[in-house]
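The file data-v7.tsv comes next; it holds TSV, N, CA and C atoms.
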```
chain	number	residue	atom	x	y	z
A	1	MET	N	52.99	-9.22	11.82
A	1	MET	CA	53.15	-10.59	11.39
A	1	MET	C	53.00	-10.65	9.88
A	2	LYS	N	53.94	-11.31	9.23
A	2	LYS	CA	53.80	-11.48	7.78
A	2	LYS	C	52.94	-12.71	7.52
A	3	SER	N	52.34	-12.76	6.34
A	3	SER	CA	51.51	-13.91	6.03
A	3	SER	C	52.37	-15.15	5.83
A	4	HIS	N	51.79	-16.30	6.09
A	4	HIS	CA	52.48	-17.58	5.95
A	4	HIS	C	52.27	-18.13	4.54
A	5	ARG	N	53.23	-18.89	4.07
A	5	ARG	CA	53.04	-19.64	2.82
A	5	ARG	C	52.28	-20.91	3.20
A	6	ILE	N	51.07	-21.04	2.68
A	6	ILE	CA	50.27	-22.18	3.09
A	6	ILE	C	50.92	-23.51	2.72
A	7	GLU	N	51.69	-23.52	1.64
A	7	GLU	CA	52.37	-24.75	1.24
A	7	GLU	C	53.38	-25.22	2.28
A	8	ASP	N	53.83	-24.31	3.14
A	8	ASP	CA	54.79	-24.65	4.18
A	8	ASP	C	54.12	-25.12	5.47
A	9	LEU	N	52.82	-25.00	5.54
A	9	LEU	CA	52.08	-25.40	6.74
A	9	LEU	C	51.66	-26.87	6.62
A	10	LYS	N	52.25	-27.71	7.44
A	10	LYS	CA	51.94	-29.15	7.39
A	10	LYS	C	50.46	-29.41	7.67
A	11	VAL	N	49.89	-28.63	8.56
A	11	VAL	CA	48.48	-28.83	8.89
A	11	VAL	C	47.60	-28.52	7.68
A	12	TRP	N	47.98	-27.56	6.86
A	12	TRP	CA	47.22	-27.26	5.64
A	12	TRP	C	47.35	-28.42	4.66
A	13	SER	N	48.57	-28.94	4.48
A	13	SER	CA	48.79	-30.05	3.56
A	13	SER	C	48.00	-31.29	3.99
A	14	LYS	N	48.04	-31.60	5.26
A	14	LYS	CA	47.29	-32.76	5.77
A	14	LYS	C	45.79	-32.54	5.60
A	15	SER	N	45.34	-31.32	5.78
A	15	SER	CA	43.93	-31.01	5.61
A	15	SER	C	43.50	-31.16	4.15
A	16	MET	N	44.39	-30.80	3.25
A	16	MET	CA	44.09	-30.98	1.82
A	16	MET	C	44.00	-32.47	1.49
A	17	THR	N	44.87	-33.28	2.08
A	17	THR	CA	44.81	-34.72	1.89
A	17	THR	C	43.49	-35.26	2.42
A	18	LEU	N	43.08	-34.76	3.58
A	18	LEU	CA	41.81	-35.19	4.17
A	18	LEU	C	40.65	-34.90	3.22
A	19	VAL	N	40.64	-33.72	2.62
A	19	VAL	CA	39.56	-33.36	1.69
A	19	VAL	C	39.49	-34.37	0.55
A	20	LYS	N	40.64	-34.68	-0.03
A	20	LYS	CA	40.66	-35.64	-1.14
A	20	LYS	C	40.12	-36.99	-0.70
A	21	GLU	N	40.53	-37.45	0.47
A	21	GLU	CA	40.07	-38.74	0.98
A	21	GLU	C	38.57	-38.72	1.27
A	22	VAL	N	38.08	-37.62	1.82
A	22	VAL	CA	36.65	-37.49	2.10
A	22	VAL	C	35.86	-37.56	0.79
A	23	TYR	N	36.34	-36.89	-0.24
A	23	TYR	CA	35.66	-36.93	-1.54
A	23	TYR	C	35.61	-38.36	-2.09
A	24	LEU	N	36.70	-39.09	-1.96
A	24	LEU	CA	36.73	-40.47	-2.47
A	24	LEU	C	35.77	-41.37	-1.70
A	25	VAL	N	35.78	-41.27	-0.39
A	25	VAL	CA	34.91	-42.12	0.43
A	25	VAL	C	33.44	-41.77	0.23
A	26	THR	N	33.13	-40.49	0.17
A	26	THR	CA	31.72	-40.08	0.05
A	26	THR	C	31.17	-40.29	-1.35
A	27	ALA	N	32.01	-40.58	-2.30
A	27	ALA	CA	31.52	-40.89	-3.65
A	27	ALA	C	30.65	-42.15	-3.63
A	28	GLU	N	30.79	-42.93	-2.58
A	28	GLU	CA	30.02	-44.17	-2.44
A	28	GLU	C	28.63	-43.95	-1.83
A	29	LEU	N	28.34	-42.75	-1.41
A	29	LEU	CA	27.03	-42.49	-0.80
A	29	LEU	C	25.91	-42.62	-1.82
A	30	PRO	N	24.72	-42.98	-1.36
A	30	PRO	CA	23.58	-43.10	-2.27
A	30	PRO	C	23.23	-41.76	-2.91
A	31	ASN	N	22.66	-41.81	-4.10
A	31	ASN	CA	22.30	-40.59	-4.84
A	31	ASN	C	21.34	-39.69	-4.06
A	32	GLU	N	20.46	-40.29	-3.26
A	32	GLU	CA	19.50	-39.46	-2.52
A	32	GLU	C	20.16	-38.60	-1.46
A	33	GLU	N	21.43	-38.86	-1.16
A	33	GLU	CA	22.18	-38.05	-0.19
A	33	GLU	C	22.99	-36.94	-0.85
A	34	LYS	N	22.88	-36.82	-2.16
A	34	LYS	CA	23.68	-35.83	-2.91
A	34	LYS	C	23.53	-34.41	-2.34
A	35	PHE	N	22.32	-34.05	-1.97
A	35	PHE	CA	22.09	-32.69	-1.46
A	35	PHE	C	21.91	-32.66	0.05
A	36	GLY	N	22.13	-33.78	0.70
A	36	GLY	CA	22.01	-33.86	2.15
A	36	GLY	C	23.36	-34.00	2.80
A	37	LEU	N	23.60	-35.15	3.37
A	37	LEU	CA	24.82	-35.40	4.11
A	37	LEU	C	26.07	-35.30	3.24
A	38	LEU	N	25.99	-35.77	2.01
A	38	LEU	CA	27.15	-35.71	1.10
A	38	LEU	C	27.64	-34.27	0.93
A	39	SER	N	26.73	-33.40	0.61
A	39	SER	CA	27.08	-31.99	0.41
A	39	SER	C	27.63	-31.37	1.69
A	40	GLN	N	26.99	-31.66	2.81
A	40	GLN	CA	27.40	-31.10	4.10
A	40	GLN	C	28.80	-31.57	4.48
A	41	ILE	N	29.06	-32.86	4.32
A	41	ILE	CA	30.37	-33.41	4.68
A	41	ILE	C	31.47	-32.80	3.82
A	42	ARG	N	31.24	-32.72	2.53
A	42	ARG	CA	32.26	-32.18	1.64
A	42	ARG	C	32.53	-30.70	1.92
A	43	ARG	N	31.48	-29.93	2.14
A	43	ARG	CA	31.68	-28.50	2.44
A	43	ARG	C	32.44	-28.33	3.75
A	44	CYS	N	32.11	-29.16	4.72
A	44	CYS	CA	32.78	-29.10	6.01
A	44	CYS	C	34.26	-29.44	5.86
A	45	ALA	N	34.56	-30.50	5.13
A	45	ALA	CA	35.95	-30.91	4.93
A	45	ALA	C	36.74	-29.81	4.22
A	46	VAL	N	36.15	-29.20	3.21
A	46	VAL	CA	36.82	-28.13	2.45
A	46	VAL	C	37.06	-26.91	3.33
A	47	SER	N	36.17	-26.68	4.29
A	47	SER	CA	36.32	-25.48	5.12
A	47	SER	C	37.55	-25.55	6.03
A	48	ILE	N	38.03	-26.75	6.32
A	48	ILE	CA	39.20	-26.87	7.22
A	48	ILE	C	40.45	-26.24	6.58
A	49	PRO	N	40.93	-26.72	5.43
A	49	PRO	CA	42.11	-26.08	4.84
A	49	PRO	C	41.83	-24.66	4.36
A	50	SER	N	40.58	-24.39	3.98
A	50	SER	CA	40.23	-23.05	3.51
A	50	SER	C	40.40	-22.01	4.62
A	51	ASN	N	39.93	-22.34	5.82
A	51	ASN	CA	40.08	-21.40	6.94
A	51	ASN	C	41.52	-21.29	7.41
A	52	ILE	N	42.25	-22.40	7.34
A	52	ILE	CA	43.68	-22.33	7.66
A	52	ILE	C	44.37	-21.39	6.68
A	53	ALA	N	44.05	-21.53	5.40
A	53	ALA	CA	44.65	-20.68	4.37
A	53	ALA	C	44.27	-19.22	4.54
A	54	GLU	N	43.00	-18.97	4.81
A	54	GLU	CA	42.58	-17.57	4.98
A	54	GLU	C	43.27	-16.93	6.17
A	55	GLY	N	43.36	-17.67	7.26
A	55	GLY	CA	44.05	-17.14	8.44
A	55	GLY	C	45.52	-16.90	8.18
A	56	ALA	N	46.15	-17.83	7.46
A	56	ALA	CA	47.58	-17.69	7.15
A	56	ALA	C	47.84	-16.46	6.30
A	57	GLY	N	46.86	-16.07	5.51
A	57	GLY	CA	47.02	-14.91	4.63
A	57	GLY	C	46.79	-13.58	5.32
A	58	ARG	N	46.36	-13.62	6.54
A	58	ARG	CA	46.14	-12.38	7.29
A	58	ARG	C	47.47	-11.88	7.85
A	59	ASN	N	47.54	-10.60	8.07
A	59	ASN	CA	48.77	-10.00	8.59
A	59	ASN	C	48.74	-9.79	10.09
A	60	ASN	N	47.88	-10.51	10.75
A	60	ASN	CA	47.69	-10.33	12.17
A	60	ASN	C	47.54	-11.70	12.81
A	61	LYS	N	48.37	-11.99	13.81
A	61	LYS	CA	48.33	-13.33	14.41
A	61	LYS	C	47.02	-13.59	15.14
A	62	ASN	N	46.37	-12.55	15.62
A	62	ASN	CA	45.06	-12.75	16.27
A	62	ASN	C	44.01	-13.21	15.26
A	63	GLU	N	44.08	-12.66	14.05
A	63	GLU	CA	43.15	-13.11	13.01
A	63	GLU	C	43.47	-14.55	12.59
A	64	PHE	N	44.75	-14.87	12.48
A	64	PHE	CA	45.15	-16.23	12.15
A	64	PHE	C	44.60	-17.19	13.22
A	65	TYR	N	44.76	-16.81	14.47
A	65	TYR	CA	44.27	-17.60	15.60
A	65	TYR	C	42.75	-17.81	15.47
A	66	GLN	N	42.04	-16.75	15.11
A	66	GLN	CA	40.58	-16.83	14.97
A	66	GLN	C	40.19	-17.80	13.86
A	67	PHE	N	40.86	-17.74	12.72
A	67	PHE	CA	40.54	-18.64	11.61
A	67	PHE	C	40.93	-20.07	11.93
A	68	LEU	N	41.99	-20.26	12.70
A	68	LEU	CA	42.34	-21.61	13.15
A	68	LEU	C	41.24	-22.16	14.06
A	69	GLY	N	40.65	-21.29	14.85
A	69	GLY	CA	39.53	-21.70	15.70
A	69	GLY	C	38.34	-22.16	14.88
A	70	ILE	N	38.07	-21.47	13.80
A	70	ILE	CA	36.98	-21.87	12.91
A	70	ILE	C	37.30	-23.22	12.27
A	71	ALA	N	38.53	-23.39	11.80
A	71	ALA	CA	38.96	-24.66	11.22
A	71	ALA	C	38.85	-25.78	12.24
A	72	PHE	N	39.24	-25.49	13.48
A	72	PHE	CA	39.19	-26.47	14.56
A	72	PHE	C	37.75	-26.91	14.80
A	73	GLY	N	36.85	-25.96	14.82
A	73	GLY	CA	35.42	-26.28	14.98
A	73	GLY	C	34.92	-27.16	13.85
A	74	SER	N	35.37	-26.89	12.65
A	74	SER	CA	34.96	-27.69	11.49
A	74	SER	C	35.46	-29.12	11.59
A	75	THR	N	36.60	-29.33	12.25
A	75	THR	CA	37.09	-30.71	12.42
A	75	THR	C	36.13	-31.51	13.29
A	76	TYR	N	35.57	-30.87	14.30
A	76	TYR	CA	34.62	-31.57	15.16
A	76	TYR	C	33.28	-31.79	14.46
A	77	GLU	N	32.90	-30.85	13.64
A	77	GLU	CA	31.69	-31.01	12.83
A	77	GLU	C	31.88	-32.20	11.88
A	78	LEU	N	33.03	-32.27	11.23
A	78	LEU	CA	33.30	-33.37	10.31
A	78	LEU	C	33.37	-34.70	11.06
A	79	GLN	N	33.95	-34.70	12.23
A	79	GLN	CA	34.02	-35.93	13.05
A	79	GLN	C	32.60	-36.46	13.30
A	80	THR	N	31.68	-35.57	13.62
A	80	THR	CA	30.29	-35.94	13.86
A	80	THR	C	29.65	-36.51	12.60
A	81	GLN	N	29.89	-35.86	11.48
A	81	GLN	CA	29.29	-36.30	10.22
A	81	GLN	C	29.85	-37.65	9.77
A	82	LEU	N	31.13	-37.87	10.00
A	82	LEU	CA	31.71	-39.17	9.66
A	82	LEU	C	31.11	-40.27	10.51
A	83	GLN	N	30.86	-39.97	11.78
A	83	GLN	CA	30.22	-40.96	12.65
A	83	GLN	C	28.80	-41.25	12.16
A	84	LEU	N	28.11	-40.23	11.66
A	84	LEU	CA	26.77	-40.44	11.11
A	84	LEU	C	26.79	-41.40	9.92
A	85	LEU	N	27.83	-41.30	9.10
A	85	LEU	CA	27.94	-42.22	7.96
A	85	LEU	C	27.94	-43.67	8.45
A	86	ILE	N	28.63	-43.91	9.54
A	86	ILE	CA	28.69	-45.25	10.12
A	86	ILE	C	27.35	-45.62	10.75
A	87	ASP	N	26.83	-44.71	11.58
A	87	ASP	CA	25.59	-44.98	12.30
A	87	ASP	C	24.40	-45.21	11.38
A	88	LEU	N	24.40	-44.55	10.23
A	88	LEU	CA	23.30	-44.69	9.27
A	88	LEU	C	23.56	-45.82	8.26
A	89	ASN	N	24.67	-46.52	8.47
A	89	ASN	CA	25.05	-47.64	7.59
A	89	ASN	C	25.21	-47.22	6.13
A	90	PHE	N	25.69	-46.00	5.92
A	90	PHE	CA	25.96	-45.54	4.55
A	90	PHE	C	27.32	-46.05	4.08
A	91	ILE	N	28.28	-46.10	5.01
A	91	ILE	CA	29.65	-46.52	4.67
A	91	ILE	C	30.16	-47.38	5.82
A	92	SER	N	30.93	-48.38	5.47
A	92	SER	CA	31.46	-49.27	6.51
A	92	SER	C	32.47	-48.54	7.39
A	93	GLU	N	32.51	-48.96	8.63
A	93	GLU	CA	33.38	-48.31	9.60
A	93	GLU	C	34.85	-48.39	9.19
A	94	ASN	N	35.25	-49.50	8.59
A	94	ASN	CA	36.67	-49.65	8.21
A	94	ASN	C	37.11	-48.64	7.15
A	95	LYS	N	36.17	-48.05	6.42
A	95	LYS	CA	36.52	-47.00	5.45
A	95	LYS	C	36.60	-45.63	6.10
A	96	VAL	N	35.90	-45.47	7.21
A	96	VAL	CA	35.85	-44.18	7.90
A	96	VAL	C	36.96	-44.05	8.94
A	97	VAL	N	37.39	-45.15	9.51
A	97	VAL	CA	38.41	-45.12	10.56
A	97	VAL	C	39.69	-44.37	10.14
A	98	PRO	N	40.24	-44.61	8.93
A	98	PRO	CA	41.44	-43.86	8.54
A	98	PRO	C	41.18	-42.35	8.44
A	99	LEU	N	39.98	-41.97	8.01
A	99	LEU	CA	39.64	-40.55	7.94
A	99	LEU	C	39.59	-39.94	9.34
A	100	LYS	N	39.00	-40.68	10.27
A	100	LYS	CA	38.92	-40.18	11.64
A	100	LYS	C	40.29	-40.09	12.28
A	101	ALA	N	41.18	-41.00	11.94
A	101	ALA	CA	42.55	-40.94	12.47
A	101	ALA	C	43.29	-39.72	11.93
A	102	LEU	N	43.16	-39.46	10.64
A	102	LEU	CA	43.79	-38.28	10.04
A	102	LEU	C	43.18	-37.01	10.63
A	103	LEU	N	41.90	-37.02	10.82
A	103	LEU	CA	41.22	-35.88	11.41
A	103	LEU	C	41.72	-35.60	12.82
A	104	ALA	N	41.92	-36.65	13.62
A	104	ALA	CA	42.44	-36.47	14.98
A	104	ALA	C	43.83	-35.87	14.96
A	105	GLU	N	44.64	-36.28	14.00
A	105	GLU	CA	45.99	-35.72	13.85
A	105	GLU	C	45.91	-34.23	13.50
A	106	ILE	N	45.00	-33.89	12.61
A	106	ILE	CA	44.82	-32.49	12.21
A	106	ILE	C	44.33	-31.66	13.40
A	107	GLN	N	43.43	-32.22	14.20
A	107	GLN	CA	42.95	-31.51	15.39
A	107	GLN	C	44.11	-31.18	16.32
A	108	LYS	N	45.00	-32.13	16.54
A	108	LYS	CA	46.16	-31.89	17.40
A	108	LYS	C	47.07	-30.82	16.81
A	109	MET	N	47.25	-30.86	15.50
A	109	MET	CA	48.13	-29.89	14.84
A	109	MET	C	47.56	-28.47	14.94
A	110	ILE	N	46.26	-28.35	14.72
A	110	ILE	CA	45.63	-27.02	14.82
A	110	ILE	C	45.74	-26.51	16.25
A	111	TYR	N	45.47	-27.38	17.20
A	111	TYR	CA	45.57	-26.98	18.61
A	111	TYR	C	46.98	-26.49	18.94
A	112	SER	N	47.98	-27.22	18.48
A	112	SER	CA	49.38	-26.83	18.74
A	112	SER	C	49.72	-25.50	18.07
A	113	LEU	N	49.25	-25.33	16.84
A	113	LEU	CA	49.54	-24.08	16.13
A	113	LEU	C	48.86	-22.91	16.84
A	114	LYS	N	47.62	-23.11	17.27
A	114	LYS	CA	46.91	-22.06	18.02
A	114	LYS	C	47.68	-21.72	19.30
A	115	THR	N	48.15	-22.73	20.01
A	115	THR	CA	48.90	-22.52	21.25
A	115	THR	C	50.16	-21.71	20.98
A	116	SER	N	50.85	-22.02	19.89
A	116	SER	CA	52.09	-21.30	19.57
A	116	SER	C	51.83	-19.83	19.23
A	117	LEU	N	50.66	-19.53	18.70
A	117	LEU	CA	50.33	-18.14	18.36
A	117	LEU	C	49.97	-17.33	19.59
A	118	LYS	N	49.55	-17.96	20.65
A	118	LYS	CA	49.16	-17.24	21.87
A	118	LYS	C	50.35	-16.89	22.74
A	119	LEU	N	51.52	-17.47	22.48
A	119	LEU	CA	52.69	-17.20	23.33
A	119	LEU	C	53.26	-15.83	23.07
```
Let me see the structure of the file written as C-alpha cells.
Amino acid sequence: MKSHRIEDLKVWSKSMTLVKEVYLVTAELPNEEKFGLLSQIRRCAVSIPSNIAEGAGRNNKNEFYQFLGIAFGSTYELQTQLQLLIDLNFISENKVVPLKALLAEIQKMIYSLKTSLKL
C-alpha cells in the first residue's frame, strides 16, 4: 500500500476544521482551566487529524487501520469532554452543539474508512 496524501482525505480536512473550531470555542474557558480541561480538550482534538495523518503515511493498510482506530477513540474522548463543558456550565450548549455534530460526522467517516480498509 502506498501512503495517502492527507490533503486528499476528507476526514482529515474535516478533522482539521474541528480542531480550529475547538480552539475558538475553548478560548472562552476560564483561566483556571488553562492546564486542566482546556489543555486536555485541545490535545484530544489535535490527536484526531494527527493520527489520521500518521496512519496515512504508513505503507501498510493494517497500520493505517490501527491509527484510524486511535483517532476514532479520540473522537469519543472529545465527545465526553465537550459534554463536560456543558455539564460544568463552562460553555453554553448552543456553542458546543455544532462541534458535536461535526464530530459525529467525523466518527462516521472514520468508521467507513476503517471498513473499507478491512475489505
_Close residues, region 94-97 of chain A itself excluded, 9 Å, only C-alpha atoms, min 4 positions apart in chain, as a VMD selection string_ = chain A and resid 22 25 82 to 83 85 to 86 101 to 102
_From the options A:Tyr111, A:Asn60, A:Ile91, A:Cys44, which residue's atoms come nearest to Phe72 (chain A), counting only N, CA and C atoms?_
A:Tyr111
Once you add 8 Å to each side, what are the centre and edge lengths of the axis-aligned box holding all listed atoms of region 12-27 of chain A? One decimal in Å, as AutoDock Vina command-line options, if you can.
```
--center_x 39.7 --center_y -34.7 --center_z 1.6 --size_x 34.1 --size_y 30.9 --size_z 26.5
```
_Best match for closeness to Lys100 (chain A) among A:Thr80, A:Gln66, A:Ser74, A:Ser112, counting only C-alpha atoms_ =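 Ranked by minimum distance to Lys100 (chain A), first place goes to A:Thr80.
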*Using the chain letters and numbers from this document, which residues of chain A does DSSP assign to alpha helix (DSSP H), as a PyMOL selection string?*
chain A and resi 10-26+37-56+61-87+93-118
Reconstructed region 22-33 of chain A, atom set all heavy atoms, as a compact mmCIF listing (two decimals), in the coordinates of the input:
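result-v9.txt written:
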```
# COMPACT_ATOMS: atom_id res chain seq x y z
N VAL A 22 38.08 -37.62 1.82
CA VAL A 22 36.65 -37.49 2.10
C VAL A 22 35.86 -37.56 0.79
O VAL A 22 34.83 -38.24 0.71
CB VAL A 22 36.35 -36.17 2.86
CG1 VAL A 22 34.87 -35.81 2.80
CG2 VAL A 22 36.81 -36.28 4.30
N TYR A 23 36.34 -36.89 -0.24
CA TYR A 23 35.66 -36.93 -1.54
C TYR A 23 35.61 -38.36 -2.09
O TYR A 23 34.58 -38.80 -2.61
CB TYR A 23 36.33 -35.99 -2.54
CG TYR A 23 35.67 -34.64 -2.60
CD1 TYR A 23 35.86 -33.71 -1.57
CD2 TYR A 23 34.87 -34.26 -3.67
CE1 TYR A 23 35.25 -32.47 -1.60
CE2 TYR A 23 34.25 -33.02 -3.72
CZ TYR A 23 34.45 -32.13 -2.68
OH TYR A 23 33.84 -30.90 -2.72
N LEU A 24 36.70 -39.09 -1.96
CA LEU A 24 36.73 -40.47 -2.47
C LEU A 24 35.77 -41.37 -1.70
O LEU A 24 35.02 -42.14 -2.31
CB LEU A 24 38.16 -41.03 -2.38
CG LEU A 24 39.18 -40.42 -3.33
CD1 LEU A 24 40.58 -40.95 -3.01
CD2 LEU A 24 38.82 -40.71 -4.78
N VAL A 25 35.78 -41.27 -0.39
CA VAL A 25 34.91 -42.12 0.43
C VAL A 25 33.44 -41.77 0.23
O VAL A 25 32.59 -42.65 0.12
CB VAL A 25 35.31 -42.05 1.92
CG1 VAL A 25 34.26 -42.67 2.81
CG2 VAL A 25 36.66 -42.73 2.13
N THR A 26 33.13 -40.49 0.17
CA THR A 26 31.72 -40.08 0.05
C THR A 26 31.17 -40.29 -1.35
O THR A 26 29.95 -40.22 -1.54
CB THR A 26 31.52 -38.62 0.49
OG1 THR A 26 32.35 -37.76 -0.29
CG2 THR A 26 31.82 -38.44 1.97
N ALA A 27 32.01 -40.58 -2.30
CA ALA A 27 31.52 -40.89 -3.65
C ALA A 27 30.65 -42.15 -3.63
O ALA A 27 29.85 -42.37 -4.55
CB ALA A 27 32.69 -41.07 -4.61
N GLU A 28 30.79 -42.93 -2.58
CA GLU A 28 30.02 -44.17 -2.44
C GLU A 28 28.63 -43.95 -1.83
O GLU A 28 27.85 -44.90 -1.72
CB GLU A 28 30.79 -45.16 -1.57
CG GLU A 28 32.14 -45.54 -2.11
CD GLU A 28 32.91 -46.45 -1.17
OE1 GLU A 28 32.28 -47.15 -0.35
OE2 GLU A 28 34.15 -46.43 -1.24
N LEU A 29 28.34 -42.75 -1.41
CA LEU A 29 27.03 -42.49 -0.80
C LEU A 29 25.91 -42.62 -1.82
O LEU A 29 26.11 -42.35 -3.01
CB LEU A 29 27.00 -41.09 -0.18
CG LEU A 29 27.77 -40.91 1.12
CD1 LEU A 29 27.78 -39.45 1.54
CD2 LEU A 29 27.19 -41.77 2.22
N PRO A 30 24.72 -42.98 -1.36
CA PRO A 30 23.58 -43.10 -2.27
C PRO A 30 23.23 -41.76 -2.91
O PRO A 30 23.44 -40.70 -2.32
CB PRO A 30 22.44 -43.59 -1.38
CG PRO A 30 22.98 -43.78 -0.02
CD PRO A 30 24.39 -43.32 0.01
N ASN A 31 22.66 -41.81 -4.10
CA ASN A 31 22.30 -40.59 -4.84
C ASN A 31 21.34 -39.69 -4.06
O ASN A 31 21.40 -38.47 -4.19
CB ASN A 31 21.70 -40.93 -6.19
CG ASN A 31 22.76 -41.36 -7.19
OD1 ASN A 31 23.93 -41.02 -7.04
ND2 ASN A 31 22.35 -42.12 -8.19
N GLU A 32 20.46 -40.29 -3.26
CA GLU A 32 19.50 -39.46 -2.52
C GLU A 32 20.16 -38.60 -1.46
O GLU A 32 19.56 -37.67 -0.94
CB GLU A 32 18.38 -40.31 -1.91
CG GLU A 32 18.83 -41.33 -0.91
CD GLU A 32 19.08 -42.72 -1.51
OE1 GLU A 32 19.19 -42.86 -2.74
OE2 GLU A 32 19.20 -43.65 -0.72
N GLU A 33 21.43 -38.86 -1.16
CA GLU A 33 22.18 -38.05 -0.19
C GLU A 33 22.99 -36.94 -0.85
O GLU A 33 23.70 -36.21 -0.17
CB GLU A 33 23.11 -38.93 0.65
CG GLU A 33 22.40 -39.69 1.73
CD GLU A 33 21.67 -38.78 2.71
OE1 GLU A 33 22.21 -37.73 3.12
OE2 GLU A 33 20.53 -39.13 3.07
```
